[in-house]
Amino acid sequence: MKRLTILICALSLALAAGAQTKVIEKSSKKAPAWMNTVVDDYMVVSVTANSLAEAQTKALNEITERIIQSVASHVMVTSNSEMSEVNVNGNIDSREAFSRASKIKSANLPFLKGISETKIEEIYWQKVQDKATKKEYYEYSVKYPFSQAEQNALVKQFEELDAEKVAQYEALEQKINEIESVEEIGSSITQLDALIEYFFDEVRLKQAQGLQKRYKQLYDAITVTGTFLEEGKYQCQVLLEGNPVRVSVKPKVTSNCAGQLSVRPSDGTFLITYDAIDCLPEEENFLDIQFRINGKKMEHKAYLTEAGGAGTSAFSVVPEGKLILTADSVVAAQRKVYNINIRLTLNNRGGTAFGLKAIELHVPDFSAPIVFDDIDGVYKTKGVLQIKARAEGEFTALQQKKSALSFVQGSITLVNPTTGAVERTRLSLPYVTNWE
């Protein structure tokens, strides 16, 4: 009795709707039998529109979305105010205030490119007028072939494509810790652009966006270092997070005094040769080495010990480059950072041995400084060298940095080998971290 009542109500609503409109034109005298029915191996779609051209477009869009929903189970839709029908998990669901906005972009799913208006087997339309408002519109229905076998084939094709995209993402995720050249960063970012366009579910989309952000941050972890091999020869190297990486573009090298400058790639590094015969001993003499990476200029100065053809050995140790801070683990929700590994670049311009006694770093992320006392390290390397330190324990990052400038302030305490005196050198360096 309840079922009968529901059917009677539905019929009454249909009759009421019919009484409010009238058909003023139709494609054939009699409506086809397939309308408003389920036909095996076919998809029946009905839409309303202001013109036949608009109706054709809406019908094809409806067919496309129904095929998407039958193949990819994670399709998400949003709604606004429009009455329509949509195939959800194999069921026809009629609802008020529903207009599809699929999050899958058809251009990114090759199996959707076979959907065509030419495949529509039958069309029926009628031009209807609302008796009250006199507004005219079209009711447009199509019969489109879509068999179970075709659906199964598309599902298989989609699953293969999806597995390929997942494998590509996983390879990029692993590769980020194994970068061998600067060019790999740009290539990976481009590949992730395509994956971001493809991933239609929120989880994988956010993962791809997050991985791409990590790749872009690698550019901030690039530094330039080098060492003097002998008089007139300097070897330059690009580093990523302190590790050597290749770069295809040669640097531009100038000098305030040296002549006959030449740059030659050499097994992932660049060999710079020069003549310092015109360099004066009372001046600060240097090679200015410039790379252009990701559209940005990176500059590195190599201070010459030669002057007028004679070597000098003035004591000069200068912090330079970026300070790299890497935590072993991060709990973002609690803003906790555990065990910070620190990489600091020092340039031993004079080339004489020196002692390192202490390091003090005021990182904007933390309220208290990071201090290393009683290091007692001795360094004899001429040119740029890497100092590594580890601050163990738990650190709490500030909700808001004390300074808007992304620079670490602090100092290094050195022992001058010439005088034996302890000297303090201030530092102010940009820095990068692996936490937000």
# chains A, B, ... in the order shown; residues from 1 in each chain; ligands from 1
$ residues_around --residues "Gln334 in chain A" --least-positions-apart "4" --cutoff "12 Å" --atoms "only C-alpha atoms" --output "short mmCIF file (atom, residue, chain, number, x, y, z; two decimals) with N, CA and C atoms, in the first residue's frame"
data_model
loop_
_atom_site.label_atom_id
_atom_site.label_comp_id
_atom_site.auth_asym_id
_atom_site.auth_seq_id
_atom_site.Cartn_x
_atom_site.Cartn_y
_atom_site.Cartn_z
N VAL A 330 60.37 15.63 12.70
CA VAL A 330 59.58 16.84 12.95
C VAL A 330 58.15 16.43 13.26
N TYR A 338 63.48 17.60 16.37
CA TYR A 338 64.37 16.75 17.14
C TYR A 338 65.71 16.57 16.42
N GLU A 394 65.32 18.05 21.94
CA GLU A 394 64.03 18.53 21.45
C GLU A 394 64.02 20.04 21.40
N PHE A 395 63.54 20.59 20.29
CA PHE A 395 63.43 22.04 20.11
C PHE A 395 62.00 22.38 19.73
N THR A 396 61.50 23.49 20.27
CA THR A 396 60.14 23.94 19.95
C THR A 396 60.22 25.17 19.07
N ALA A 397 59.68 25.06 17.87
CA ALA A 397 59.69 26.19 16.93
C ALA A 397 58.64 27.22 17.35
N LEU A 398 58.97 28.47 17.15
CA LEU A 398 58.05 29.55 17.50
C LEU A 398 56.87 29.57 16.54
N GLN A 399 55.70 29.99 17.07
CA GLN A 399 54.53 30.17 16.20
C GLN A 399 54.80 31.24 15.17
N GLU A 436 58.68 23.45 8.47
CA GLU A 436 58.00 24.70 8.10
C GLU A 436 58.31 25.80 9.10
#
$ closest_atom_pairs --of "range 283-395 of chain A" --to "range 251-270 of chain A" --cutoff "12 Å" --atoms "only C-alpha atoms" --output "CSV"
residue,atom,partner,partner_atom,distance
A:Glu283,CA,A:Cys257,CA,9.3
A:Glu284,CA,A:Asn256,CA,8.8
A:Asn285,CA,A:Asn256,CA,6.4
A:Phe286,CA,A:Ser255,CA,5.8
A:Leu287,CA,A:Ser255,CA,4.6
A:Asp288,CA,A:Thr254,CA,5.1
A:Ile289,CA,A:Val253,CA,4.6
A:Gln290,CA,A:Lys252,CA,5.1
A:Phe291,CA,A:Pro251,CA,4.7
A:Arg292,CA,A:Pro251,CA,7.6
A:Ile293,CA,A:Pro251,CA,10.0
A:Lys297,CA,A:Pro251,CA,10.1
A:Met298,CA,A:Pro251,CA,9.4
A:Glu299,CA,A:Pro251,CA,9.4
A:His300,CA,A:Val253,CA,9.6
A:Lys301,CA,A:Ser255,CA,9.2
A:Ala302,CA,A:Ser255,CA,9.4
A:Tyr303,CA,A:Ser255,CA,9.7
A:Leu304,CA,A:Ala258,CA,9.0
A:Thr305,CA,A:Ala258,CA,11.5
A:Glu306,CA,A:Ala258,CA,9.5
A:Ala307,CA,A:Cys257,CA,9.0
A:Gly308,CA,A:Cys257,CA,9.8
A:Gly309,CA,A:Ala258,CA,10.5
$ select_by_dssp --residues "range 182-236 of chain A" --states "strand (DSSP E or B)" --output "short mmCIF file (atom, residue, chain, number, x, y, z; two decimals) with C-alpha atoms, in the first residue's frame"
data_model
loop_
_atom_site.label_atom_id
_atom_site.label_comp_id
_atom_site.auth_asym_id
_atom_site.auth_seq_id
_atom_site.Cartn_x
_atom_site.Cartn_y
_atom_site.Cartn_z
CA ILE A 222 72.22 25.09 -3.56
CA THR A 223 75.60 26.62 -2.74
CA VAL A 224 78.89 27.08 -4.56
CA THR A 225 82.23 26.06 -3.15
CA GLY A 226 85.75 25.65 -4.44
CA THR A 227 89.40 25.19 -3.66
CA PHE A 228 92.75 26.37 -5.03
CA LEU A 229 94.65 23.47 -6.60
CA GLU A 230 97.83 25.41 -7.20
CA LYS A 233 94.17 27.17 -10.78
CA TYR A 234 90.89 27.12 -8.90
CA GLN A 235 88.39 24.25 -8.89
CA CYS A 236 84.73 25.25 -8.47
#
$ residues_around --residues "range 240-246 of chain A" --least-positions-apart "4" --cutoff "12 Å" --atoms "only C-alpha atoms" --output "count of residues only"
50
$ closest_residue --among "A:Glu65, A:Asp373, A:Glu136, A:Asp278" --to "Leu356 in chain A" --atoms "only C-alpha atoms"
A:Asp373
$ select_by_dssp --residues "range 58-262 of chain A" --states "alpha helix (DSSP H)" --output "PyMOL selection string"
chain A and resi 58-71+148-175+182-198+202-218
$ closest_residue --among "A:Arg204, A:Lys143, A:Lys131, A:Lys382" --to "Ala33 in chain A" --atoms "only C-alpha atoms"
A:Lys143
$ residues_around --residues "Val128 in chain A" --least-positions-apart "5" --cutoff "8 Å" --atoms "only C-alpha atoms" --output "NGL selection string"
:A and (21-25 or 136-139)
$ write_last_selection --atoms "N, CA and C atoms" --output "tab-separated table (two decimals), in the first residue's frame"
chain	number	residue	atom	x	y	z
A	21	THR	N	3.13	22.95	-18.74
A	21	THR	CA	3.88	23.17	-19.98
A	21	THR	C	3.12	22.59	-21.16
A	22	LYS	N	3.55	23.04	-22.35
A	22	LYS	CA	2.97	22.44	-23.56
A	22	LYS	C	4.08	22.27	-24.59
A	23	VAL	N	3.95	21.18	-25.37
A	23	VAL	CA	4.94	20.88	-26.40
A	23	VAL	C	4.55	21.64	-27.66
A	24	ILE	N	5.46	22.45	-28.18
A	24	ILE	CA	5.15	23.24	-29.38
A	24	ILE	C	5.90	22.72	-30.61
A	25	GLU	N	6.89	21.83	-30.39
A	25	GLU	CA	7.63	21.24	-31.52
A	25	GLU	C	8.37	20.02	-31.01
A	136	GLU	N	10.47	29.31	-23.39
A	136	GLU	CA	10.63	28.11	-24.21
A	136	GLU	C	12.00	27.50	-23.98
A	137	TYR	N	12.04	26.19	-23.99
A	137	TYR	CA	13.31	25.46	-23.83
A	137	TYR	C	13.18	24.10	-24.49
A	138	TYR	N	14.30	23.38	-24.54
A	138	TYR	CA	14.33	22.07	-25.19
A	138	TYR	C	14.56	20.97	-24.17
A	139	GLU	N	13.82	19.89	-24.33
A	139	GLU	CA	14.08	18.64	-23.62
A	139	GLU	C	14.72	17.70	-24.63
$ residues_around --residues "Glu150 in chain A" --least-positions-apart "4" --cutoff "12 Å" --atoms "only C-alpha atoms" --output "list in words"
Asp41, Tyr42, Ile67, Ser70, Val71, Phe111, Gly114, Ile115, Pro145, Phe146, Leu154, Val155, Lys156 and Gln157 of chain A
$ atom_distance --atom1 "CA of Phe366 in chain A" --atom2 "CA of Trp435 in chain A"
12.5 Å
$ atom_distance --atom1 "CA of Glu160 in chain A" --atom2 "CA of Glu62 in chain A"
24.7 Å
$ residues_around --residues "range 51-56 of chain A" --least-positions-apart "2" --cutoff "7 Å" --atoms "only C-alpha atoms" --output "PDB file with N, CA, C and O atoms, in the first residue's frame"
ATOM      1  N   VAL A  47      18.610  15.870 -21.034  1.00  0.00           N
ATOM      2  CA  VAL A  47      18.992  17.182 -20.496  1.00  0.00           C
ATOM      3  C   VAL A  47      17.989  18.228 -20.970  1.00  0.00           C
ATOM      4  O   VAL A  47      17.200  17.987 -21.883  1.00  0.00           O
ATOM      5  N   THR A  48      18.029  19.387 -20.345  1.00  0.00           N
ATOM      6  CA  THR A  48      17.247  20.532 -20.808  1.00  0.00           C
ATOM      7  C   THR A  48      18.201  21.670 -21.132  1.00  0.00           C
ATOM      8  O   THR A  48      19.251  21.813 -20.496  1.00  0.00           O
ATOM      9  N   ALA A  49      17.813  22.501 -22.144  1.00  0.00           N
ATOM     10  CA  ALA A  49      18.688  23.587 -22.563  1.00  0.00           C
ATOM     11  C   ALA A  49      17.867  24.637 -23.286  1.00  0.00           C
ATOM     12  O   ALA A  49      16.733  24.387 -23.702  1.00  0.00           O
ATOM     13  N   LYS A  58      25.512  19.722 -23.670  1.00  0.00           N
ATOM     14  CA  LYS A  58      25.199  19.233 -22.327  1.00  0.00           C
ATOM     15  C   LYS A  58      25.028  17.719 -22.325  1.00  0.00           C
ATOM     16  O   LYS A  58      25.444  17.045 -21.378  1.00  0.00           O
ATOM     17  N   ALA A  59      24.423  17.172 -23.374  1.00  0.00           N
ATOM     18  CA  ALA A  59      24.230  15.723 -23.444  1.00  0.00           C
ATOM     19  C   ALA A  59      25.567  15.004 -23.519  1.00  0.00           C
ATOM     20  O   ALA A  59      25.787  13.985 -22.849  1.00  0.00           O
ATOM     21  N   LEU A  60      26.500  15.537 -24.339  1.00  0.00           N
ATOM     22  CA  LEU A  60      27.809  14.905 -24.459  1.00  0.00           C
ATOM     23  C   LEU A  60      28.589  15.018 -23.145  1.00  0.00           C
ATOM     24  O   LEU A  60      29.284  14.073 -22.736  1.00  0.00           O
ATOM     25  N   TYR A 137      12.042  26.188 -23.994  1.00  0.00           N
ATOM     26  CA  TYR A 137      13.307  25.464 -23.825  1.00  0.00           C
ATOM     27  C   TYR A 137      13.176  24.095 -24.486  1.00  0.00           C
ATOM     28  O   TYR A 137      12.102  23.687 -24.927  1.00  0.00           O
ATOM     29  N   TYR A 138      14.302  23.379 -24.544  1.00  0.00           N
ATOM     30  CA  TYR A 138      14.331  22.074 -25.192  1.00  0.00           C
ATOM     31  C   TYR A 138      14.559  20.967 -24.173  1.00  0.00           C
ATOM     32  O   TYR A 138      15.391  21.101 -23.265  1.00  0.00           O
ATOM     33  N   TYR A 140      15.929  17.271 -24.316  1.00  0.00           N
ATOM     34  CA  TYR A 140      16.781  16.598 -25.309  1.00  0.00           C
ATOM     35  C   TYR A 140      17.258  15.268 -24.739  1.00  0.00           C
ATOM     36  O   TYR A 140      17.845  15.224 -23.648  1.00  0.00           O
TER      37      TYR A 140
END
$ residues_around --residues "Ala194 in chain A" --least-positions-apart "2" --cutoff "12 Å" --atoms "only C-alpha atoms" --output "tab-separated table (two decimals) with N, CA and C atoms, in the first residue's frame"
chain	number	residue	atom	x	y	z
A	105	LYS	N	39.74	15.98	-15.15
A	105	LYS	CA	39.82	16.75	-16.38
A	105	LYS	C	39.92	15.76	-17.53
A	107	ALA	N	40.83	15.87	-20.49
A	107	ALA	CA	42.04	15.89	-21.32
A	107	ALA	C	43.14	15.00	-20.74
A	108	ASN	N	43.05	14.69	-19.46
A	108	ASN	CA	44.09	13.90	-18.80
A	108	ASN	C	43.77	12.42	-18.76
A	109	LEU	N	42.61	12.02	-19.26
A	109	LEU	CA	42.23	10.62	-19.28
A	109	LEU	C	42.06	10.19	-20.73
A	165	LYS	N	50.94	6.30	-13.23
A	165	LYS	CA	51.09	7.60	-12.60
A	165	LYS	C	51.58	7.45	-11.15
A	168	GLN	N	55.22	6.63	-11.19
A	168	GLN	CA	56.00	7.82	-11.51
A	168	GLN	C	56.15	8.71	-10.28
A	169	TYR	N	55.08	8.86	-9.51
A	169	TYR	CA	55.14	9.67	-8.29
A	169	TYR	C	56.13	9.04	-7.29
A	187	SER	N	63.45	19.07	-14.07
A	187	SER	CA	62.74	17.99	-14.76
A	187	SER	C	61.70	17.35	-13.85
A	188	SER	N	62.04	17.16	-12.59
A	188	SER	CA	61.11	16.55	-11.64
A	188	SER	C	59.92	17.46	-11.37
A	189	ILE	N	60.17	18.77	-11.28
A	189	ILE	CA	59.08	19.72	-11.05
A	189	ILE	C	58.10	19.68	-12.23
A	190	THR	N	58.63	19.59	-13.45
A	190	THR	CA	57.79	19.51	-14.64
A	190	THR	C	56.95	18.23	-14.64
A	191	GLN	N	57.57	17.10	-14.28
A	191	GLN	CA	56.82	15.85	-14.21
A	191	GLN	C	55.72	15.92	-13.17
A	192	LEU	N	55.99	16.59	-12.07
A	192	LEU	CA	54.97	16.72	-11.02
A	192	LEU	C	53.84	17.65	-11.46
A	196	ILE	N	50.06	16.50	-10.98
A	196	ILE	CA	49.08	17.34	-10.29
A	196	ILE	C	47.85	17.53	-11.18
A	197	GLU	N	48.05	17.67	-12.48
A	197	GLU	CA	46.93	17.78	-13.40
A	197	GLU	C	46.13	16.48	-13.45
A	198	TYR	N	46.82	15.35	-13.29
A	198	TYR	CA	46.15	14.05	-13.41
A	198	TYR	C	45.43	13.64	-12.13
A	199	PHE	N	46.08	13.72	-10.97
A	199	PHE	CA	45.49	13.18	-9.74
A	199	PHE	C	44.19	13.92	-9.43
A	200	PHE	N	43.11	13.15	-9.35
A	200	PHE	CA	41.78	13.73	-9.18
A	200	PHE	C	41.26	13.58	-7.75
A	205	LEU	N	46.56	14.25	-4.80
A	205	LEU	CA	46.80	15.60	-5.29
A	205	LEU	C	47.66	16.38	-4.30
A	208	ALA	N	51.28	15.08	-4.25
A	208	ALA	CA	52.06	15.55	-5.39
A	208	ALA	C	52.42	17.03	-5.24
A	209	GLN	N	51.48	17.83	-4.75
A	209	GLN	CA	51.76	19.24	-4.53
A	209	GLN	C	52.83	19.43	-3.46
A	212	GLN	N	56.23	18.46	-4.93
A	212	GLN	CA	56.71	19.51	-5.82
A	212	GLN	C	57.27	20.69	-5.02
$ decode --residues "range 413-424 of chain A" --atoms "N, CA and C atoms" --output "mmCIF file, in the first residue's frame"
data_model
loop_
_atom_site.group_PDB
_atom_site.id
_atom_site.type_symbol
_atom_site.label_atom_id
_atom_site.label_comp_id
_atom_site.auth_asym_id
_atom_site.auth_seq_id
_atom_site.Cartn_x
_atom_site.Cartn_y
_atom_site.Cartn_z
ATOM 1 N N THR A 413 84.033 31.510 16.940
ATOM 2 C CA THR A 413 85.233 31.864 17.705
ATOM 3 C C THR A 413 86.402 31.079 17.146
ATOM 4 N N LEU A 414 87.437 31.791 16.684
ATOM 5 C CA LEU A 414 88.577 31.188 15.995
ATOM 6 C C LEU A 414 89.872 31.448 16.749
ATOM 7 N N VAL A 415 90.854 30.622 16.476
ATOM 8 C CA VAL A 415 92.211 30.840 17.006
ATOM 9 C C VAL A 415 93.099 31.261 15.848
ATOM 10 N N ASN A 416 93.654 32.468 15.917
ATOM 11 C CA ASN A 416 94.544 32.987 14.887
ATOM 12 C C ASN A 416 95.892 32.272 14.990
ATOM 13 N N PRO A 417 96.297 31.542 13.957
ATOM 14 C CA PRO A 417 97.546 30.774 14.061
ATOM 15 C C PRO A 417 98.789 31.664 14.109
ATOM 16 N N THR A 418 98.651 32.887 13.604
ATOM 17 C CA THR A 418 99.804 33.787 13.573
ATOM 18 C C THR A 418 100.119 34.350 14.957
ATOM 19 N N THR A 419 99.058 34.763 15.658
ATOM 20 C CA THR A 419 99.254 35.408 16.959
ATOM 21 C C THR A 419 98.893 34.509 18.138
ATOM 22 N N GLY A 420 98.139 33.442 17.859
ATOM 23 C CA GLY A 420 97.656 32.581 18.937
ATOM 24 C C GLY A 420 96.468 33.167 19.664
ATOM 25 N N ALA A 421 96.007 34.330 19.213
ATOM 26 C CA ALA A 421 94.900 35.007 19.879
ATOM 27 C C ALA A 421 93.565 34.391 19.467
ATOM 28 N N VAL A 422 92.613 34.434 20.409
ATOM 29 C CA VAL A 422 91.251 33.979 20.121
ATOM 30 C C VAL A 422 90.459 35.154 19.566
ATOM 31 N N GLU A 423 89.890 34.984 18.377
ATOM 32 C CA GLU A 423 89.162 36.059 17.717
ATOM 33 C C GLU A 423 87.719 35.626 17.441
ATOM 34 N N ARG A 424 86.833 36.593 17.540
ATOM 35 C CA ARG A 424 85.400 36.327 17.335
ATOM 36 C C ARG A 424 84.956 36.999 16.042
#
